[in-house]
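Printed here is final14.txt (compact mmCIF, C-alpha atoms):
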# COMPACT_ATOMS: atom_id res chain seq x y z
CA LYS A 1 0.00 0.00 0.00
CA LEU A 2 2.90 2.39 0.73
CA GLN A 3 4.37 1.54 -2.66
CA PHE A 4 0.99 2.24 -4.26
CA LEU A 5 0.81 5.68 -2.59
CA TYR A 6 4.38 6.42 -3.63
CA LEU A 7 3.62 5.62 -7.27
CA ILE A 8 0.53 7.83 -7.26
CA GLY A 9 2.50 10.66 -5.68
CA ALA A 10 5.28 10.33 -8.23
CA ALA A 11 2.78 10.30 -11.08
CA SER A 12 1.10 13.43 -9.69
CA GLN A 13 4.41 15.27 -9.58
CA LYS A 14 5.15 14.41 -13.21
CA VAL A 15 1.69 15.48 -14.33
CA ALA A 16 2.03 18.80 -12.52
CA VAL A 17 5.05 19.83 -14.64
CA MET A 18 3.41 18.94 -17.95
CA PRO A 19 1.87 21.55 -20.27
CA ARG A 20 -1.56 22.66 -19.05
CA GLU A 21 -3.29 21.63 -22.28
CA THR A 22 -2.19 18.00 -21.85
CA GLN A 23 -2.65 17.72 -18.10
CA TRP A 24 -6.33 16.76 -18.19
CA GLY A 25 -5.60 13.61 -20.19
CA GLN A 26 -2.73 12.63 -17.95
CA TRP A 27 -4.82 13.21 -14.82
CA PHE A 28 -7.52 10.99 -16.30
CA LEU A 29 -5.04 8.16 -16.95
CA ALA A 30 -3.59 8.57 -13.45
CA ALA A 31 -7.09 8.34 -11.94
CA VAL A 32 -7.88 5.19 -13.92
CA CYS A 33 -4.61 3.59 -12.81
CA ALA A 34 -5.33 4.54 -9.20
CA VAL A 35 -8.77 2.93 -9.31
CA LEU A 36 -7.48 -0.28 -10.88
CA MET A 37 -4.47 -0.55 -8.56
CA GLY A 38 -6.64 0.16 -5.53
CA SER A 39 -9.10 -2.55 -6.57
CA ALA A 40 -6.26 -4.98 -7.17
CA ALA A 41 -4.80 -4.24 -3.74
CA ALA A 42 -8.19 -4.84 -2.14
CA THR A 43 -8.60 -8.15 -3.96
CA VAL A 44 -5.08 -9.26 -2.98
CA ASP A 45 -5.83 -8.39 0.65
CA ARG A 46 -9.02 -10.49 0.61
CA ILE A 47 -7.21 -13.44 -0.97
CA ALA A 48 -4.37 -13.20 1.56
CA GLU A 49 -6.87 -13.11 4.42
CA ALA A 50 -8.69 -16.14 3.00
CA GLU A 51 -5.39 -18.06 2.66
CA ALA A 52 -4.61 -17.40 6.30
CA ILE A 53 -7.98 -18.87 7.31
CA TRP A 54 -8.58 -21.67 4.79
CA GLY A 55 -5.10 -22.46 3.56
CA THR A 56 -3.31 -21.80 0.27
CA ALA A 57 -4.42 -25.04 -1.40
CA ILE A 58 -8.16 -24.50 -0.84
CA VAL A 59 -8.05 -20.85 -1.85
CA GLY A 60 -5.96 -21.66 -4.93
CA PHE A 61 -8.47 -24.32 -5.94
CA LEU A 62 -11.40 -21.92 -5.51
CA GLN A 63 -9.62 -19.29 -7.60
CA VAL A 64 -9.34 -21.69 -10.54
CA ALA A 65 -12.26 -24.12 -10.22
CA PRO A 66 -15.10 -21.56 -10.60
CA ALA A 67 -13.56 -20.19 -13.79
CA VAL A 68 -13.15 -23.70 -15.20
CA CYS A 69 -16.66 -24.71 -14.17
CA GLY A 70 -17.86 -21.43 -15.62
CA GLN A 71 -16.56 -22.57 -19.00
CA LEU A 72 -18.45 -25.85 -18.62
CA PHE A 73 -21.58 -23.86 -17.79
CA ASN A 74 -21.07 -21.68 -20.86
CA ILE A 75 -20.77 -24.67 -23.20
CA SER A 76 -23.54 -26.68 -21.51
CA PRO A 77 -26.22 -25.43 -23.96
CA ILE A 78 -24.33 -26.95 -26.90
CA PRO A 79 -26.18 -30.32 -26.75
CA THR A 80 -29.49 -28.45 -26.53
CA MET A 81 -28.55 -26.30 -29.52
CA SER A 82 -27.47 -29.40 -31.43
CA GLY A 83 -30.96 -30.81 -30.89
CA VAL A 84 -32.46 -27.52 -32.06
CA MET A 85 -30.40 -27.68 -35.24
CA ALA A 86 -31.38 -31.30 -35.84
CA SER A 87 -35.11 -30.59 -35.47
CA GLN A 88 -34.82 -27.07 -36.95
CA SER A 89 -37.07 -25.78 -34.17
CA THR A 90 -36.58 -24.45 -30.65
CA GLY A 91 -39.87 -26.05 -29.54
CA ASN A 92 -40.84 -24.84 -26.05
CA LEU A 93 -37.35 -23.61 -25.16
CA PRO A 94 -37.27 -20.01 -23.87
CA ILE A 95 -34.71 -17.55 -25.23
CA LEU A 96 -34.39 -15.80 -21.87
CA PRO A 97 -31.47 -17.86 -20.45
CA TYR A 98 -29.40 -17.36 -23.60
CA ALA A 99 -30.19 -13.63 -23.88
CA MET A 100 -29.24 -13.16 -20.26
CA MET A 101 -25.96 -15.01 -20.84
CA ILE A 102 -24.90 -12.05 -22.98
CA SER A 103 -25.66 -9.35 -20.43
CA ASN A 104 -24.50 -11.56 -17.55
CA GLY A 105 -21.14 -12.26 -19.20
CA TYR A 106 -20.60 -8.61 -20.08
CA LEU A 107 -21.69 -7.36 -16.66
CA TRP A 108 -19.45 -9.66 -14.63
CA MET A 109 -16.55 -9.13 -17.01
CA VAL A 110 -16.78 -5.39 -16.31
CA TYR A 111 -17.26 -6.02 -12.57
CA GLY A 112 -14.21 -8.31 -12.51
CA THR A 113 -12.18 -5.65 -14.32
CA LEU A 114 -13.16 -3.01 -11.77
CA ARG A 115 -12.25 -5.43 -8.95
CA SER A 116 -9.13 -6.64 -10.80
CA ASP A 117 -10.39 -10.17 -10.25
CA SER A 118 -9.04 -12.47 -12.97
CA THR A 119 -11.28 -15.34 -11.84
CA LEU A 120 -14.37 -13.31 -12.69
CA ILE A 121 -12.94 -11.94 -15.93
CA TYR A 122 -11.82 -15.25 -17.46
CA ALA A 123 -15.05 -17.03 -16.55
CA ASN A 124 -17.30 -14.46 -18.23
CA VAL A 125 -15.55 -13.48 -21.46
CA SER A 126 -16.53 -16.78 -23.05
CA GLY A 127 -20.04 -16.46 -21.62
CA LEU A 128 -20.49 -13.19 -23.50
CA ILE A 129 -19.25 -14.65 -26.79
CA LEU A 130 -21.13 -17.96 -26.56
CA GLY A 131 -24.29 -16.18 -25.44
CA LEU A 132 -24.24 -14.24 -28.70
CA VAL A 133 -23.79 -17.49 -30.65
CA TYR A 134 -26.68 -19.22 -28.87
CA VAL A 135 -29.03 -16.28 -29.42
CA LEU A 136 -28.23 -16.17 -33.13
CA MET A 137 -28.92 -19.91 -33.40
CA PHE A 138 -32.15 -19.50 -31.44
CA LEU A 139 -33.33 -16.75 -33.78
CA ARG A 140 -32.58 -18.89 -36.80
CA TYR A 141 -34.62 -21.87 -35.60
CA LYS A 142 -37.19 -20.26 -33.29
CA ALA A 143 -40.60 -21.90 -33.24
CA PRO A 144 -43.61 -19.88 -34.46
CA GLY A 145 -45.10 -17.68 -31.73
CA THR A 146 -41.98 -17.74 -29.55
CA GLU A 147 -41.44 -14.40 -27.78
CA VAL A 148 -37.90 -13.14 -28.36
CA SER A 149 -38.01 -9.35 -28.60
CA GLN A 150 -38.58 -8.54 -24.93
CA PRO A 151 -35.70 -10.64 -23.51
CA LEU A 152 -33.33 -9.27 -26.15
CA ILE A 153 -34.34 -5.66 -25.42
CA ILE A 154 -33.82 -6.22 -21.69
CA SER A 155 -30.40 -7.77 -22.31
CA GLY A 156 -29.31 -4.90 -24.55
CA ALA A 157 -30.57 -2.31 -22.07
CA LEU A 158 -28.64 -3.94 -19.22
CA CYS A 159 -25.40 -3.89 -21.24
CA THR A 160 -25.95 -0.19 -21.96
CA VAL A 161 -26.58 0.62 -18.29
CA VAL A 162 -23.47 -1.30 -17.22
CA THR A 163 -21.36 0.58 -19.77
CA VAL A 164 -22.59 3.93 -18.42
CA LEU A 165 -22.07 2.92 -14.78
CA SER A 166 -18.52 1.75 -15.47
CA TYR A 167 -17.49 5.39 -15.91
CA LEU A 168 -18.28 6.17 -12.27
CA HIS A 169 -15.67 6.11 -9.49
CA GLY A 170 -14.19 2.61 -9.10
CA ALA A 171 -15.82 1.57 -5.81
CA GLU A 172 -19.15 3.22 -6.65
CA ALA A 173 -19.18 1.67 -10.12
CA ALA A 174 -18.38 -1.80 -8.78
CA ASP A 175 -21.14 -1.61 -6.15
CA SER A 176 -23.74 -0.39 -8.65
CA ILE A 177 -22.81 -3.02 -11.24
CA GLY A 178 -22.66 -5.71 -8.56
CA GLN A 179 -26.22 -4.91 -7.49
CA ILE A 180 -27.45 -5.11 -11.06
CA GLY A 181 -25.45 -8.32 -11.47
CA CYS A 182 -27.36 -9.95 -8.62
CA PHE A 183 -30.61 -9.20 -10.41
CA VAL A 184 -29.33 -10.47 -13.76
CA VAL A 185 -27.99 -13.74 -12.31
CA VAL A 186 -31.29 -14.45 -10.57
CA VAL A 187 -33.22 -13.79 -13.80
CA MET A 188 -30.84 -15.93 -15.85
CA PHE A 189 -30.97 -18.88 -13.46
CA SER A 190 -34.75 -18.61 -13.13
CA GLY A 191 -35.25 -18.52 -16.90
CA PRO A 192 -35.73 -22.29 -17.26
CA LEU A 193 -38.22 -22.18 -14.36
CA SER A 194 -40.52 -20.06 -16.54
CA VAL A 195 -41.61 -23.28 -18.26
CA ILE A 196 -42.45 -25.15 -15.04
CA ARG A 197 -46.16 -24.90 -15.81
CA THR A 198 -45.56 -26.55 -19.19
CA VAL A 199 -43.41 -29.27 -17.61
CA ILE A 200 -46.09 -30.10 -15.04
CA ALA A 201 -48.95 -29.93 -17.57
CA GLU A 202 -47.22 -32.24 -20.06
CA HIS A 203 -45.47 -34.43 -17.43
CA SER A 204 -42.35 -33.95 -19.53
CA THR A 205 -39.04 -32.14 -19.08
CA ALA A 206 -38.48 -31.77 -22.84
CA SER A 207 -38.59 -27.98 -22.47
CA LEU A 208 -35.92 -27.99 -19.72
CA PRO A 209 -32.23 -28.24 -20.75
CA PHE A 210 -30.76 -30.93 -18.48
CA PRO A 211 -27.05 -30.19 -19.19
CA MET A 212 -27.56 -26.57 -18.22
CA ALA A 213 -29.33 -27.58 -15.00
CA VAL A 214 -26.43 -29.83 -13.98
CA ALA A 215 -23.85 -27.20 -14.92
CA THR A 216 -25.78 -24.58 -12.96
CA PHE A 217 -25.78 -26.81 -9.87
CA PHE A 218 -22.00 -27.30 -9.73
CA ASN A 219 -21.25 -23.82 -11.03
CA CYS A 220 -23.24 -22.17 -8.25
CA ILE A 221 -21.66 -24.30 -5.55
CA LEU A 222 -18.16 -23.22 -6.57
CA TRP A 223 -19.02 -19.55 -7.06
CA THR A 224 -20.78 -19.47 -3.70
CA ALA A 225 -17.66 -20.85 -2.02
CA TYR A 226 -15.40 -18.41 -3.89
CA GLY A 227 -17.64 -15.45 -3.01
CA CYS A 228 -17.54 -16.47 0.65
CA ILE A 229 -13.74 -16.61 0.88
CA ILE A 230 -13.33 -13.16 -0.68
CA HIS A 231 -16.29 -11.78 1.32
CA ASP A 232 -18.10 -10.54 -1.80
CA VAL A 233 -21.87 -10.66 -1.33
CA TYR A 234 -22.37 -9.79 -4.98
CA VAL A 235 -20.73 -13.10 -5.89
CA TYR A 236 -22.11 -15.55 -3.34
CA GLY A 237 -25.57 -13.96 -2.87
CA PRO A 238 -27.10 -14.60 -6.31
CA ASN A 239 -25.33 -17.94 -6.66
CA ILE A 240 -27.11 -19.26 -3.57
CA LEU A 241 -30.41 -18.48 -5.30
CA GLY A 242 -29.08 -19.99 -8.53
CA LEU A 243 -28.26 -23.16 -6.63
CA ALA A 244 -31.85 -23.33 -5.40
CA SER A 245 -33.06 -22.89 -8.99
CA ALA A 246 -30.88 -25.78 -10.16
CA VAL A 247 -32.16 -28.03 -7.37
CA VAL A 248 -35.76 -27.36 -8.46
CA GLN A 249 -34.92 -28.19 -12.08
CA LEU A 250 -33.14 -31.41 -11.15
CA ALA A 251 -36.09 -32.34 -8.94
CA LEU A 252 -38.38 -32.00 -11.97
CA PHE A 253 -36.13 -34.37 -13.93
CA GLY A 254 -36.34 -36.77 -11.00
CA MET A 255 -40.14 -36.59 -11.08
CA TYR A 256 -40.77 -36.75 -14.84
CA GLY A 257 -37.58 -38.27 -16.24
CA PHE A 258 -36.32 -37.50 -19.73
CA GLY A 259 -39.39 -38.52 -21.74
CA LYS A 260 -40.70 -36.75 -24.82
CA PRO A 261 -43.66 -34.36 -24.61
CA HIS A 262 -47.17 -35.68 -25.20
CA ARG A 263 -47.70 -33.28 -28.09
CA THR A 264 -45.18 -33.03 -30.89
CA LEU A 265 -43.94 -29.84 -32.43
CA SER A 266 -43.61 -29.66 -36.19
CA PRO A 267 -40.01 -28.76 -37.07
CA THR A 268 -40.20 -25.44 -38.85
CA LYS A 269 -37.33 -23.30 -40.02
CA THR A 270 -38.33 -19.69 -39.51
CA PHE A 271 -35.25 -17.71 -40.53
Using structure tokens, write down the structure from this file.
Amino acid sequence: KLQFLYLIGAASQKVAVMPRETQWGQWFLAAVCAVLMGSAAATVDRIAEAEAIWGTAIVGFLQVAPAVCGQLFNISPIPTMSGVMASQSTGNLPILPYAMMISNGYLWMVYGTLRSDSTLIYANVSGLILGLVYVLMFLRYKAPGTEVSQPLIISGALCTVVTVLSYLHGAEAADSIGQIGCFVVVVMFSGPLSVIRTVIAEHSTASLPFPMAVATFFNCILWTAYGCIIHDVYVYGPNILGLASAVVQLALFGMYGFGKPHRTLSPTKTF
């Protein structure tokens, strides 16, 4: 921390002797560096504190495992999308989880950058990219009458809000984005639950993506543990709710199995 203050002081002295017309840009860069370095120092302090309590091995595992499991979560819709391509129809699948993957990945990537948390950054870059791929595939094969505009508008609006908030002061920006992130994660994890009525009415889980439910279960366990060791309520809070959502989905698979729906959907290519 003393080294951090020394660097900021040295940078301030150099900026002060620069031409007045170029000082504003240099002050801006110095402020950005200060925010990022301060966030990094705070993250390092939380990790060091966690290592002292839980041990280096456990903390090291929880720094890597959530990011790895996050990649498995991001690719978990691939089997579902393969089925969509084979039937050329999305059937009863909702677009909400895939639309929210875009805003969720972007939001937590920005939050991780503000916190200088590489675990959060690495886990969510791929989520942003794959979310875009899944949405494009969904739009290509969407079943007639499937609502897609509202979830996509919400996702785009959230990305815009996060971009605007990221220009605030580091701590204030991180808190604001973290609060929005809690809302987004809950909506994303509850997306598959929007078809519970259909599942119960048809006694079939055909409209629930099983790989995503399993990935959500393990993903939320690891992120909850990681959030707890770094004392970040914005990380562990929504993942506890996501874990509950995954348990409900897996319970539905336990009740109704993996059978096909009673009514068939005609495969129709709509794009």
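We find CA of Ile78 in chain A and CA of Phe138 in chain A to be spaced 11.7 Å apart.
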For CA of Val186 in chain A and CA of Ser103 in chain A, the interatomic separation in Å (one decimal): 12.4 Å
Residues within 12 Å of (-19.6, -13.9, -2.4), counting only C-alpha atoms, listed as a PyMOL selection string: chain A and resi 46+62+120+178+182+220-240
Please produce a file of those selected residues containing C-alpha atoms, as a CSV table (one decimal), keeping the file's coordinate frame.
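In the end it all went to out24.csv:
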chain,number,residue,atom,x,y,z
A,46,ARG,CA,-9.0,-10.5,0.6
A,62,LEU,CA,-11.4,-21.9,-5.5
A,120,LEU,CA,-14.4,-13.3,-12.7
A,178,GLY,CA,-22.7,-5.7,-8.6
A,182,CYS,CA,-27.4,-10.0,-8.6
A,220,CYS,CA,-23.2,-22.2,-8.2
A,221,ILE,CA,-21.7,-24.3,-5.6
A,222,LEU,CA,-18.2,-23.2,-6.6
A,223,TRP,CA,-19.0,-19.6,-7.1
A,224,THR,CA,-20.8,-19.5,-3.7
A,225,ALA,CA,-17.7,-20.8,-2.0
A,226,TYR,CA,-15.4,-18.4,-3.9
A,227,GLY,CA,-17.6,-15.4,-3.0
A,228,CYS,CA,-17.5,-16.5,0.6
A,229,ILE,CA,-13.7,-16.6,0.9
A,230,ILE,CA,-13.3,-13.2,-0.7
A,231,HIS,CA,-16.3,-11.8,1.3
A,232,ASP,CA,-18.1,-10.5,-1.8
A,233,VAL,CA,-21.9,-10.7,-1.3
A,234,TYR,CA,-22.4,-9.8,-5.0
A,235,VAL,CA,-20.7,-13.1,-5.9
A,236,TYR,CA,-22.1,-15.6,-3.3
A,237,GLY,CA,-25.6,-14.0,-2.9
A,238,PRO,CA,-27.1,-14.6,-6.3
A,239,ASN,CA,-25.3,-17.9,-6.7
A,240,ILE,CA,-27.1,-19.3,-3.6
Surrounding residues of Phe253 in chain A excluding itself and chain neighbours under 6 positions, 12 Å, only C-alpha atoms, as a list in words: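 Once the adjacent positions are removed, what remains is Ile196, Val199, Ile200, His203, Ser204, Thr205, Ala206, Ser207, Leu208, Pro209, Phe210, Pro211, Ala213, Val214, Ala246, Val247 and Gly259 of chain A.
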Nearest to Ala215 in chain A by atom-to-atom distance, counting only C-alpha atoms, from A:Leu243, A:Val185, A:Met137, A:Leu107: A:Leu243
